[in-house]
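Student: Below are the structure tokens for one structure; questions will follow.
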Amino acid sequence: MLRNFRLPLGRLVALACTPVIAVTGCGGGDDESGSPKPTGAKPTAGAGLIPVAQACGGLFDEAIAKETREPNGPSKVHPVKAKNTGQVAKALQEESARRSTPEDLCTFTDKADGKELLAITVAWTPHSPPSGRSAHYTATVGPEDAGRLLAACDVGSDGAKGSGESRSLEFAMRDYFTVSDSHAKLLIASAKQITSKLDCREDPEYPDPKVVAPPPKRGLR
């Protein structure tokens, strides 16, 4: 004689899932179509890139940005995280900065964790601009030492005008673009940003970039 019996609904569901639980997970979080839910979009190749004209806190005007794009340069770059000019100026006022490694003002690469394209640094130096000048630009050769600018800025360790020894700031550039027409322009613009925030005894008188660094003849870059 057959007995009429029913299993509770929960037992039926459990039995139905048992043969395929290792394959489907049986309600383990997939959507109704059976496709796994995305775990997060992969970053694109252009993630974090900005137009050259926006790099280095606006140092690159449109004329320089245009130069970086010619003939086959990038129109966008990846900025490397660095202190802003106010933070750099504050760091330079610390006594330890007189003996420290250069402060990074601006560095950018072709992509995140990519190849360096340009970098500008600043550091104290005991050297002074020649011939009694308060600022002096030197054109150099090679990407590792693409240009240097000395700017006199006498300050005391406490920041009081006229109380310190004769000191200068040396701004240096590495350039793999190459923006050779604009090295002086970029370094002078960087120096103006920094010295305007320092308590220099006298404000440096910067030269005209077009005078100290005329564009090179074609074929000599």
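Chain labels A, B, ... are given in the sequence in which chains occur in the structure tokens; within each chain residues are numbered consecutively from 1, and ligands are likewise numbered from 1 in the order shown.
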So that I can see what lies close to A:Pro102, please list as a PyMOL selection string the residues with an atom at most 6 Å from it, counting only C-alpha atoms and leaving out residues fewer than 6 positions away in the same chain.
Tutor: chain A and resi 121-123
Student: Atom CA of A:Ala151 and atom CA of A:Glu205, how far apart in Å?
Tutor: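 Atom CA of A:Ala151 lies 8.5 Å from atom CA of A:Glu205.
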Student: If we count only C-alpha atoms and set the cut-off at 8 Å, which residues sit around stretch 62-79 of chain A, ignoring sequence neighbours fewer than 2 positions away in its own chain? Please answer as a list in words.
Tutor: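 My reading of the contact set: Gly48, Leu49, Ile50, Pro51, Val52, Ala53, Ala55, Cys56, Phe60, Lys81, Cys106, Thr107, Phe108, Thr109, Asp110, Lys111, Ala112, Phe177, Thr178, Val179 and Ser182 of chain A.
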Student: How about saving the chosen residues, N, CA, C and O atoms kept, as an mmCIF file, in the first residue's frame?
Tutor:
```cif
data_model
loop_
_atom_site.group_PDB
_atom_site.id
_atom_site.type_symbol
_atom_site.label_atom_id
_atom_site.label_comp_id
_atom_site.auth_asym_id
_atom_site.auth_seq_id
_atom_site.Cartn_x
_atom_site.Cartn_y
_atom_site.Cartn_z
ATOM 1 N N GLY A 48 43.701 59.280 -15.900
ATOM 2 C CA GLY A 48 44.552 60.238 -15.202
ATOM 3 C C GLY A 48 45.270 61.220 -16.094
ATOM 4 O O GLY A 48 46.001 62.079 -15.599
ATOM 5 N N LEU A 49 45.103 61.126 -17.406
ATOM 6 C CA LEU A 49 45.783 62.052 -18.312
ATOM 7 C C LEU A 49 45.077 63.411 -18.330
ATOM 8 O O LEU A 49 43.863 63.490 -18.225
ATOM 9 N N ILE A 50 45.877 64.465 -18.450
ATOM 10 C CA ILE A 50 45.347 65.816 -18.535
ATOM 11 C C ILE A 50 46.011 66.527 -19.714
ATOM 12 O O ILE A 50 47.104 66.160 -20.138
ATOM 13 N N PRO A 51 45.373 67.555 -20.272
ATOM 14 C CA PRO A 51 46.010 68.322 -21.343
ATOM 15 C C PRO A 51 47.310 68.956 -20.861
ATOM 16 O O PRO A 51 47.427 69.353 -19.703
ATOM 17 N N VAL A 52 48.291 69.040 -21.757
ATOM 18 C CA VAL A 52 49.584 69.622 -21.393
ATOM 19 C C VAL A 52 49.420 71.024 -20.840
ATOM 20 O O VAL A 52 50.118 71.432 -19.904
ATOM 21 N N ALA A 53 48.475 71.789 -21.393
ATOM 22 C CA ALA A 53 48.268 73.172 -20.956
ATOM 23 C C ALA A 53 47.856 73.262 -19.486
ATOM 24 O O ALA A 53 47.975 74.327 -18.874
ATOM 25 N N ALA A 55 49.179 71.187 -17.146
ATOM 26 C CA ALA A 55 50.244 70.584 -16.345
ATOM 27 C C ALA A 55 51.011 71.642 -15.559
ATOM 28 O O ALA A 55 51.054 72.806 -15.931
ATOM 29 N N CYS A 56 51.598 71.208 -14.467
ATOM 30 C CA CYS A 56 52.481 72.060 -13.649
ATOM 31 C C CYS A 56 51.783 73.330 -13.161
ATOM 32 O O CYS A 56 52.399 74.411 -13.131
ATOM 33 N N PHE A 60 52.490 75.739 -18.382
ATOM 34 C CA PHE A 60 52.498 75.559 -19.829
ATOM 35 C C PHE A 60 51.395 76.387 -20.476
ATOM 36 O O PHE A 60 50.220 76.052 -20.395
ATOM 37 N N LYS A 81 52.187 63.061 -8.667
ATOM 38 C CA LYS A 81 51.793 63.801 -7.470
ATOM 39 C C LYS A 81 53.002 64.489 -6.842
ATOM 40 O O LYS A 81 54.031 63.868 -6.603
ATOM 41 N N CYS A 106 57.494 70.012 -10.462
ATOM 42 C CA CYS A 106 56.592 69.489 -11.481
ATOM 43 C C CYS A 106 57.229 68.284 -12.144
ATOM 44 O O CYS A 106 58.386 68.336 -12.547
ATOM 45 N N THR A 107 56.488 67.197 -12.231
ATOM 46 C CA THR A 107 56.934 66.018 -12.962
ATOM 47 C C THR A 107 55.724 65.408 -13.644
ATOM 48 O O THR A 107 54.657 65.299 -13.036
ATOM 49 N N PHE A 108 55.878 65.049 -14.898
ATOM 50 C CA PHE A 108 54.802 64.301 -15.538
ATOM 51 C C PHE A 108 55.368 63.261 -16.492
ATOM 52 O O PHE A 108 56.508 63.343 -16.945
ATOM 53 N N THR A 109 54.537 62.239 -16.743
ATOM 54 C CA THR A 109 54.935 61.083 -17.531
ATOM 55 C C THR A 109 53.964 60.895 -18.687
ATOM 56 O O THR A 109 52.933 61.569 -18.774
ATOM 57 N N ASP A 110 54.266 59.932 -19.564
ATOM 58 C CA ASP A 110 53.392 59.704 -20.710
ATOM 59 C C ASP A 110 52.127 58.943 -20.319
ATOM 60 O O ASP A 110 51.126 58.987 -21.024
ATOM 61 N N LYS A 111 52.160 58.249 -19.189
ATOM 62 C CA LYS A 111 50.994 57.544 -18.663
ATOM 63 C C LYS A 111 51.283 57.206 -17.210
ATOM 64 O O LYS A 111 52.382 57.465 -16.712
ATOM 65 N N ALA A 112 50.288 56.667 -16.501
ATOM 66 C CA ALA A 112 50.493 56.290 -15.116
ATOM 67 C C ALA A 112 51.629 55.276 -15.021
ATOM 68 O O ALA A 112 51.653 54.290 -15.755
ATOM 69 N N PHE A 177 60.830 65.759 -24.032
ATOM 70 C CA PHE A 177 59.854 66.024 -25.094
ATOM 71 C C PHE A 177 60.459 66.106 -26.498
ATOM 72 O O PHE A 177 60.036 65.357 -27.372
ATOM 73 N N THR A 178 61.242 67.073 -26.885
ATOM 74 C CA THR A 178 61.931 68.104 -26.112
ATOM 75 C C THR A 178 61.286 69.474 -26.398
ATOM 76 O O THR A 178 61.078 69.808 -27.548
ATOM 77 N N VAL A 179 61.067 70.297 -25.372
ATOM 78 C CA VAL A 179 60.526 71.641 -25.563
ATOM 79 C C VAL A 179 61.670 72.647 -25.478
ATOM 80 O O VAL A 179 61.682 73.552 -24.663
ATOM 81 N N SER A 182 61.433 76.442 -25.035
ATOM 82 C CA SER A 182 60.712 76.976 -23.881
ATOM 83 C C SER A 182 61.356 76.686 -22.537
ATOM 84 O O SER A 182 60.744 76.945 -21.501
#
```
Student: Ranking A:His127, A:Arg133, A:Lys83, A:Lys90 by minimum distance to A:Glu202 and counting only C-alpha atoms, which one comes first?
Tutor: A:Arg133
Student: Excluding same-chain residues fewer than 4 positions from A:Ser168, what lies within 9 Å of it counting only C-alpha atoms, as a list of chain:residue names?
Tutor: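 The neighbour list is A:Ala123, A:Trp124, A:Thr125, A:Pro126, A:His127, A:Ser128, A:Pro129, A:Ser134, A:Ala135, A:Leu150, A:Ala151, A:Ala152, A:Cys153, A:Asp154.
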Student: Quick one, how far is atom CA of A:Val211 from atom CA of A:Ala89?
Tutor: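 Interatomic distance here is 27.6 Å.
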Student: Please report the interatomic distance between atom CA of A:Thr140 and atom CA of A:Asn84 in Å with one decimal.
Tutor: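 Straight-line distance from atom CA of A:Thr140 to atom CA of A:Asn84 works out to 26.2 Å.
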Student: As a PyMOL selection string, please: all residues of stretch 43-204 of chain A that backbone DSSP puts in strand (DSSP E).
Tutor: chain A and resi 50-51+76-79+103-109+116-125+135-139+147-152+168-175
Student: Rank nothing, just name the residue among A:Thr101, A:Glu94, A:Pro143, A:His136 nearest to A:Pro207, using only C-alpha atoms.
Tutor: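 Going through A:Thr101, A:Glu94, A:Pro143, A:His136 one by one, the smallest distance to A:Pro207 is for A:His136.
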